[in-house]
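Note sheet for the following structure.
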Amino acid sequence: MLEFDDLSFRFRDYLFKDYSDRIVENRVGIVGRNGTGKTTLLKLVDGRLEPEHGALRVSGETYLVDYDLGRFKHFHARDLLSLCSVLESFDTRRALEYVEQLGMTDYLDVPVGELSKGTAKKVSLVMGLCSRAEILLLDEPFEGLDRQSNDYLTALLKTEDRRCIVVSHDLEELERSVEAVYAVTGRRLERAVS
Amino acid sequence: MRFALALAQTTRRRRPRRRGREILGGLILGAVLVAGMILFPEWLILLGCAYVGLVHVMCLWDTDVFLRMDDLRRFGLERFGLQTRLAYLGHYAASDWLLSHAIGLSLFTVTALVLDEAQLLALVAGLYVMALMPLPSVVRFGARAPARAVQVYIVLLLAALVGLGVIVVQAPDLLMDSPMRVAGILVLAGALQTLAMDAIAVRSSGSGLSSSDARRMLGWLVNRKPLLYKDLMLLWRPAVGTLLSSAALFALLMISTPAAWAVPLAVVCLQENVFMSKDRQGYRILQDDHFGMHILHADRTRLRRHLLRVLAIHPVLAWSIVLVIGLLTAAPLIHLLLAALVMVAVHIVDVPRLLADMGRLGWWRVTVRYTLTVSFTLGVAIGGAAVSAVTVLIILVTMLYAPSFRAAAALHRPHSRTAPLRSAHSDRMDVVPVPEAALR
């Protein structure tokens, strides 16, 4: 899924340095201490950041779930799903199932700006799950969600034939939802749990 | 409506009714209106507007006559929709003023019909609507807006009255040429005033200018035209608001303005270049992704084109107005040509701004721009000669374009702080496609 070719990237200090490797699993979890570069890695994969040196090759379209819906604060979740339904980038046939399973049915007609942090996050997650992109990039998806929603999300990630990279501090949830977990450490990725 | 009547019955109990005073007040009001209609109808407008102004000023503070902000909260009328305004009308109608107004307006109506002055009825009706419809907004404005804003509002009211007084003295025919037209202006002014006060009051409350009203208005688009809905909602303030206010202002100005002023006024009202509207420090038209999410290249193009179409409504409307008005003037070709030149110039001068985005120049650019545009308008209207207008136009273009061009050029020097636009996600994918099988 990912191929690192002599990759280097830094903000002030190097987060990745001359790193070459391949990740072939379809569902990958990323753990690591704060500031080690987990979110940066997602942005590199998504193309929002460019490597300083080397290359990072990705075998498909990616969709980094964006939890910042500030621009759409006056939109209802239903408005956003309606908008997604007319775009080729999304397949909204299962949107209502996601909404129901994540316990959002009662919040479909509430402005996004008035939703709680967790519920607003679910709106972003539903849009991400509806995305037709081949690889879903999720940054801390379990944080701030209720137990039932987390269970549904982990089950969905595990059972769906969908490639994903999940960054989380919750190792337990990661183990339940992905094939392999890597840790960002020492300016490279190392297999953490098999 | 039942709610409105119940509200009115509740609130009118605040004071005991005094029938004698109400009847006397109504007779006096009717006498004033009738005398105004017969003796000096143009002064009747000034008198009516002064009364409306007095009512509005009273609403800025808590009195026993009008609903207070506490009352609005008590009755759950903080969201200022149609229900609020109907409720307020119900309250006003059921208050002590009902009998007085009924008597006064009845006297006026009967007299106007007998004297065949039915057009003046429209004028008084316009005044009545203008007095009542903005009242809830004025109450909220008085309760929420800062003291300075209230002072400015009162000063503006006084200035408007003084201006009206000048017109009454200097050019009474302008007002009385068509009372229907003046009534239309009054209603439009009331609507604009209501919109403006709502916007200021909500903004001053710290919650920002809400688009919830816009959503209610555009809600029917959600499932039918989601892309149009998105663009209109996201552009509500910078583009749609400008468009609506420009059109309203233009209509307001044009209704009682000589045809010769038409094109210059259209230019003044519609010169704002919505293509240059900004969002999150970037020009919308240049932003990498208007949707702000990860989408396929096909969708990206589609969204961009749709946005362009929505934005294009503004100049299309502007040109339509210029075209229609221009054809009605005595020298349509000259006016059309001038208008075309100015509008093109307005868009041209924004191109360097698009590149430069120089904050230091912003204030001066706006000042110079409007000053020169007004000069141009006056030049056309007063001078009337195409040569003088073209001269002003050249000055306008030169003074606006030159500094912008310099600013743009400065950006291309070394050590610029401006970062290049980040490449789009889908573009990146075009560059680094790696088959899955190759990685295994």
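Residues are named by chain letter and number: chains run A, B, ... in the order of the structure tokens, numbers start at 1 in each chain, and ligands are numbered from 1 in the order shown.
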
Select from chain A every residue with an atom at most 8 Å from any atom of chain B, then for each give the shortest pair of atoms and their distance in Å to one decimal, using only C-alpha atoms, rows by chain and rising number, as a Markdown table.
| residue | atom | partner | partner_atom | distance |
| --- | --- | --- | --- | --- |
| A:Met1 | CA | B:Glu436 | CA | 6.4 |
| A:Leu2 | CA | B:Leu439 | CA | 7.6 |
| A:Glu3 | CA | B:Leu439 | CA | 7.3 |
| A:Arg22 | CA | B:Leu439 | CA | 7.2 |
| A:Val24 | CA | B:Arg440 | CA | 6.0 |
| A:Asp46 | CA | B:His425 | CA | 6.8 |
| A:Gly47 | CA | B:His425 | CA | 5.6 |
| A:Arg48 | CA | B:His425 | CA | 7.1 |
| A:Arg57 | CA | B:Val432 | CA | 6.1 |
| A:Val58 | CA | B:Val434 | CA | 6.4 |
| A:Ser59 | CA | B:Val434 | CA | 4.9 |
| A:Gly60 | CA | B:Pro433 | CA | 7.0 |
| A:Glu61 | CA | B:Met429 | CA | 6.7 |
| A:Thr62 | CA | B:His294 | CA | 7.9 |
| A:Tyr63 | CA | B:His294 | CA | 5.7 |
| A:Leu64 | CA | B:His294 | CA | 7.1 |
| A:Asp66 | CA | B:Met293 | CA | 7.3 |
| A:Arg71 | CA | B:Leu234 | CA | 7.6 |
| A:Phe72 | CA | B:Leu234 | CA | 7.8 |
| A:His74 | CA | B:Ser211 | CA | 6.2 |
| A:Phe75 | CA | B:Arg215 | CA | 7.9 |
| A:Asp79 | CA | B:Val222 | CA | 6.0 |
| A:Ser82 | CA | B:Asn223 | CA | 6.2 |
| A:Leu83 | CA | B:Pro226 | CA | 5.0 |
| A:Val86 | CA | B:Pro226 | CA | 7.4 |
| A:Leu87 | CA | B:Asp299 | CA | 6.1 |
| A:Glu88 | CA | B:Asp299 | CA | 6.4 |
| A:Ser89 | CA | B:Ile295 | CA | 5.3 |

Residue contacts of B:Cys59 (8 Å, only C-alpha atoms) excluding same-chain residues fewer than 3 positions away, as a ChimeraX atom specification = /B:55-56,62-63,66,68,135,138-139,142

Since we have the selection now, will you write its residues out, keeping N, CA and C atoms, as a compact mmCIF listing (two decimals), in the first residue's frame?
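File produced: out_25.txt:
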# COMPACT_ATOMS: atom_id res chain seq x y z
N VAL B 55 -40.76 56.94 16.60
CA VAL B 55 -41.17 55.61 17.08
C VAL B 55 -39.95 54.70 17.20
N HIS B 56 -39.11 54.74 16.20
CA HIS B 56 -37.94 53.86 16.21
C HIS B 56 -36.96 54.24 17.32
N ASP B 62 -36.28 50.91 26.73
CA ASP B 62 -37.47 50.29 27.29
C ASP B 62 -38.53 51.33 27.61
N THR B 63 -39.70 51.16 27.04
CA THR B 63 -40.83 52.02 27.37
C THR B 63 -42.05 51.13 27.59
N PHE B 66 -43.94 49.99 23.75
CA PHE B 66 -43.51 48.95 22.82
C PHE B 66 -42.98 47.73 23.58
N ARG B 68 -40.46 45.09 24.86
CA ARG B 68 -39.04 45.17 25.17
C ARG B 68 -38.37 43.86 24.80
N LEU B 135 -39.82 47.23 13.73
CA LEU B 135 -39.82 47.48 15.17
C LEU B 135 -39.13 46.37 15.99
N VAL B 138 -35.53 46.83 15.67
CA VAL B 138 -35.03 48.01 16.38
C VAL B 138 -34.91 47.72 17.87
N VAL B 139 -35.89 46.99 18.41
CA VAL B 139 -35.84 46.64 19.83
C VAL B 139 -34.60 45.79 20.12
N GLY B 142 -31.48 47.89 19.85
CA GLY B 142 -31.27 48.73 21.03
C GLY B 142 -30.77 47.94 22.22

If we count only C-alpha atoms, what is near stretch 100-115 of chain A at a cut-off of 8 Å, once residues fewer than 2 positions away on the same chain are taken out, given as number ranges by chain?
-> A: 69-70, 72-78, 96-98, 117-120, 122, 148-149, 152

Which of these, A:His53, A:Arg10, A:Arg191, A:Arg94, has the shortest distance to A:Gly35 once you count only C-alpha atoms?
->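 For A:Gly35, the nearest of the given residues is A:Arg10.
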